[in-house]
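Structure below is my_file_13.cif: mmCIF, C-alpha atoms.
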```cif
data_data
#
loop_
_atom_site.group_PDB
_atom_site.id
_atom_site.type_symbol
_atom_site.label_atom_id
_atom_site.label_comp_id
_atom_site.auth_asym_id
_atom_site.auth_seq_id
_atom_site.Cartn_x
_atom_site.Cartn_y
_atom_site.Cartn_z
ATOM 1 C CA MET O 14 -11.974 -23.235 0.453
ATOM 2 C CA PRO O 15 -8.190 -23.240 0.477
ATOM 3 C CA SER O 16 -6.507 -26.604 -0.029
ATOM 4 C CA ARG O 17 -4.790 -26.498 3.362
ATOM 5 C CA VAL O 18 -8.117 -25.986 5.232
ATOM 6 C CA ARG O 19 -9.679 -28.887 3.292
ATOM 7 C CA HIS O 20 -6.790 -31.170 4.255
ATOM 8 C CA VAL O 21 -7.128 -30.217 7.938
ATOM 9 C CA LEU O 22 -10.915 -30.806 7.855
ATOM 10 C CA LEU O 23 -10.474 -34.111 6.015
ATOM 11 C CA ALA O 24 -7.834 -35.296 8.510
ATOM 12 C CA THR O 25 -10.082 -34.294 11.424
ATOM 13 C CA ALA O 26 -13.067 -36.120 9.927
ATOM 14 C CA LEU O 27 -10.996 -39.253 9.276
ATOM 15 C CA ALA O 28 -9.613 -39.234 12.822
ATOM 16 C CA ALA O 29 -13.103 -38.859 14.290
ATOM 17 C CA GLY O 30 -14.392 -41.712 12.141
ATOM 18 C CA LEU O 31 -11.466 -43.951 13.102
ATOM 19 C CA ALA O 32 -12.020 -43.201 16.815
ATOM 20 C CA ALA O 33 -15.681 -44.153 16.471
ATOM 21 C CA VAL O 34 -14.748 -47.454 14.798
ATOM 22 C CA THR O 35 -12.060 -48.422 17.338
ATOM 23 C CA GLN O 36 -14.090 -47.746 20.496
ATOM 24 C CA ASN O 37 -15.171 -50.762 22.523
ATOM 25 C CA PRO O 38 -18.591 -51.907 21.372
ATOM 26 C CA ALA O 39 -21.382 -52.086 23.923
ATOM 27 C CA GLN O 40 -21.320 -55.420 25.683
ATOM 28 C CA ALA O 41 -24.393 -57.436 26.526
ATOM 29 C CA VAL O 42 -25.387 -57.207 30.168
ATOM 30 C CA THR O 43 -25.366 -60.515 32.051
ATOM 31 C CA CYS O 44 -26.464 -60.888 35.660
ATOM 32 C CA ASN O 45 -25.660 -63.541 38.239
ATOM 33 C CA ALA O 46 -27.233 -64.031 41.628
ATOM 34 C CA LYS O 47 -24.909 -65.281 44.318
ATOM 35 C CA ALA O 48 -25.684 -66.344 47.852
ATOM 36 C CA ASN O 49 -23.710 -67.866 50.703
ATOM 37 C CA LEU O 50 -24.315 -68.970 54.266
ATOM 38 C CA THR O 51 -21.846 -69.851 57.004
ATOM 39 C CA ALA O 52 -22.104 -70.823 60.662
ATOM 40 C CA ALA O 53 -19.952 -69.069 63.248
ATOM 41 C CA GLY O 54 -20.489 -69.680 66.928
ATOM 42 C CA ALA O 55 -24.136 -69.228 67.833
ATOM 43 C CA SER O 56 -25.149 -67.450 64.628
ATOM 44 C CA LEU O 57 -25.475 -67.872 60.892
ATOM 45 C CA HIS O 58 -24.141 -65.292 58.460
ATOM 46 C CA GLY O 59 -25.571 -65.029 54.984
ATOM 47 C CA GLN O 60 -25.218 -62.777 52.003
ATOM 48 C CA ALA O 61 -27.210 -62.553 48.788
ATOM 49 C CA ILE O 62 -26.238 -60.314 45.904
ATOM 50 C CA THR O 63 -27.054 -59.878 42.224
ATOM 51 C CA LEU O 64 -24.132 -58.638 40.120
ATOM 52 C CA CYS O 65 -24.487 -57.523 36.518
ATOM 53 C CA ARG O 66 -21.536 -57.257 34.158
ATOM 54 C CA GLY O 67 -21.542 -55.530 30.811
ATOM 55 C CA GLY O 68 -22.791 -52.391 29.190
ATOM 56 C CA THR O 69 -20.683 -49.733 27.554
ATOM 57 C CA PRO O 70 -17.333 -49.307 29.293
ATOM 58 C CA LEU O 71 -15.587 -45.970 29.453
ATOM 59 C CA PRO O 72 -12.519 -45.717 27.184
ATOM 60 C CA GLY O 73 -9.607 -47.531 28.816
ATOM 61 C CA GLU O 74 -11.804 -48.976 31.591
ATOM 62 C CA PRO O 75 -12.668 -52.638 32.207
ATOM 63 C CA THR O 76 -16.163 -53.975 31.707
ATOM 64 C CA PRO O 77 -18.451 -52.338 34.275
ATOM 65 C CA VAL O 78 -19.823 -54.406 37.157
ATOM 66 C CA HIS O 79 -22.962 -53.229 38.922
ATOM 67 C CA VAL O 80 -24.583 -54.425 42.140
ATOM 68 C CA VAL O 81 -28.246 -54.627 41.214
ATOM 69 C CA ASP O 82 -29.635 -55.990 44.452
ATOM 70 C CA ASP O 83 -28.189 -57.123 47.747
ATOM 71 C CA SER O 84 -31.315 -58.136 49.619
ATOM 72 C CA GLY O 85 -31.764 -61.657 50.867
ATOM 73 C CA VAL O 86 -33.412 -63.979 53.339
ATOM 74 C CA VAL O 87 -32.078 -66.762 55.542
ATOM 75 C CA GLN O 88 -34.639 -69.564 55.652
ATOM 76 C CA ARG O 89 -35.024 -72.679 57.820
ATOM 77 C CA LEU O 90 -36.491 -75.913 56.454
ATOM 78 C CA ASP O 91 -39.446 -77.406 58.306
ATOM 79 C CA PRO O 92 -38.681 -81.135 57.993
ATOM 80 C CA GLY O 93 -42.305 -82.068 58.699
ATOM 81 C CA THR O 94 -43.818 -80.059 55.842
ATOM 82 C CA GLY O 95 -40.841 -79.425 53.551
ATOM 83 C CA ALA O 96 -41.642 -75.698 53.623
ATOM 84 C CA TRP O 97 -38.980 -73.014 54.024
ATOM 85 C CA HIS O 98 -39.599 -70.277 56.610
ATOM 86 C CA ALA O 99 -37.745 -66.960 56.790
ATOM 87 C CA VAL O 100 -35.788 -66.463 60.018
ATOM 88 C CA ALA O 101 -33.788 -63.340 59.052
ATOM 89 C CA ALA O 102 -33.703 -60.831 56.207
ATOM 90 C CA GLY O 103 -31.625 -57.858 55.202
ATOM 91 C CA SER O 104 -29.492 -56.052 52.664
ATOM 92 C CA GLY O 105 -25.836 -56.919 52.390
ATOM 93 C CA ALA O 106 -24.948 -59.138 55.339
ATOM 94 C CA ILE O 107 -27.750 -61.109 56.996
ATOM 95 C CA THR O 108 -27.318 -62.512 60.488
ATOM 96 C CA TYR O 109 -29.500 -65.050 62.274
ATOM 97 C CA THR O 110 -28.818 -65.632 65.960
ATOM 98 C CA CYS O 111 -29.430 -69.266 66.885
ATOM 99 C CA VAL O 112 -32.086 -70.118 69.452
ATOM 100 C CA GLY O 113 -30.948 -73.486 70.792
ATOM 101 C CA THR O 114 -28.766 -76.241 69.405
ATOM 102 C CA ALA O 115 -31.178 -78.453 67.471
ATOM 103 C CA THR O 116 -29.819 -79.448 64.068
ATOM 104 C CA ASN O 117 -31.684 -77.728 61.215
ATOM 105 C CA THR O 118 -31.230 -77.075 57.514
ATOM 106 C CA TYR O 119 -30.894 -73.452 56.380
ATOM 107 C CA ARG O 120 -30.398 -71.620 53.112
ATOM 108 C CA THR O 121 -29.911 -68.085 51.872
ATOM 109 C CA VAL O 122 -32.214 -66.813 49.138
ATOM 110 C CA ASN O 123 -31.548 -63.804 46.940
ATOM 111 C CA THR O 124 -34.970 -62.127 47.006
ATOM 112 C CA SER O 125 -34.819 -60.514 43.570
ATOM 113 C CA ALA O 126 -33.747 -63.556 41.596
ATOM 114 C CA ALA O 127 -34.819 -66.409 43.919
ATOM 115 C CA LYS O 128 -31.372 -67.988 43.662
ATOM 116 C CA THR O 129 -30.196 -69.980 46.631
ATOM 117 C CA SER O 130 -26.907 -70.947 48.096
ATOM 118 C CA ALA O 131 -26.028 -74.489 48.982
ATOM 119 C CA ASN O 132 -27.976 -75.598 51.993
ATOM 120 C CA LEU O 133 -26.241 -75.514 55.356
ATOM 121 C CA VAL O 134 -26.977 -78.016 58.121
ATOM 122 C CA ALA O 135 -26.106 -76.508 61.497
ATOM 123 C CA ALA O 136 -26.707 -77.088 65.193
ATOM 124 C CA CYS O 137 -28.714 -73.902 65.385
ATOM 125 C CA GLY O 138 -32.298 -73.839 66.637
#
```
If you convert what's in this file into structure tokens, what do you get?
Amino acid sequence: MPSRVRHVLLATALAAGLAAVTQNPAQAVTCNAKANLTAAGASLHGQAITLCRGGTPLPGEPTPVHVVDDSGVVQRLDPGTGAWHAVAAGSGAITYTCVGTATNTYRTVNTSAAKTSANLVAACG
């Protein structure tokens, strides 16, 4: 093999090896469940979502973020028994329309990870 061809092949092989070494390594995937609940007028608005960050990013791209699940439930606390009862469910935004003005305690639960938001006390029957 002529010397010039060997030098071109060697340079190509070195460049390929260097590119493989300098690429971003795969990042561990970490997931977080988030939930929130707010009162607005005569309804409650909740959201529950599980976001995962990590994996192998594309060259020049930030760490990927993936929505794994966005299903959740709004629950009302039964003060007599201490049990939580679902009053609304959905994917993405969850809305519960109040039935009356009695003060109750509510929460939003992310159904896949069972993570809850802070409880919300509202005049919402």
Any chance you could work out the axis-aligned box around range 60-64 of chain O, listed atoms only, 5 Å on each side, giving centre and edge lengths in Å to one decimal, as JSON?
```
{"center_x": -25.7, "center_y": -60.7, "center_z": 46.1, "size_x": 13.1, "size_y": 14.1, "size_z": 21.9}
```
Give me the result of the PyMOL selection byres ((chain O and resi 54-69) around 8) on this file, residue by residue, as a PyMOL selection string. chain O and resi 37-53+70-71+76-87+104-111+121-126+137
Just how far from CA of Ala102 in chain O is CA of Val134 in chain O, in Å to one decimal? 18.6 Å
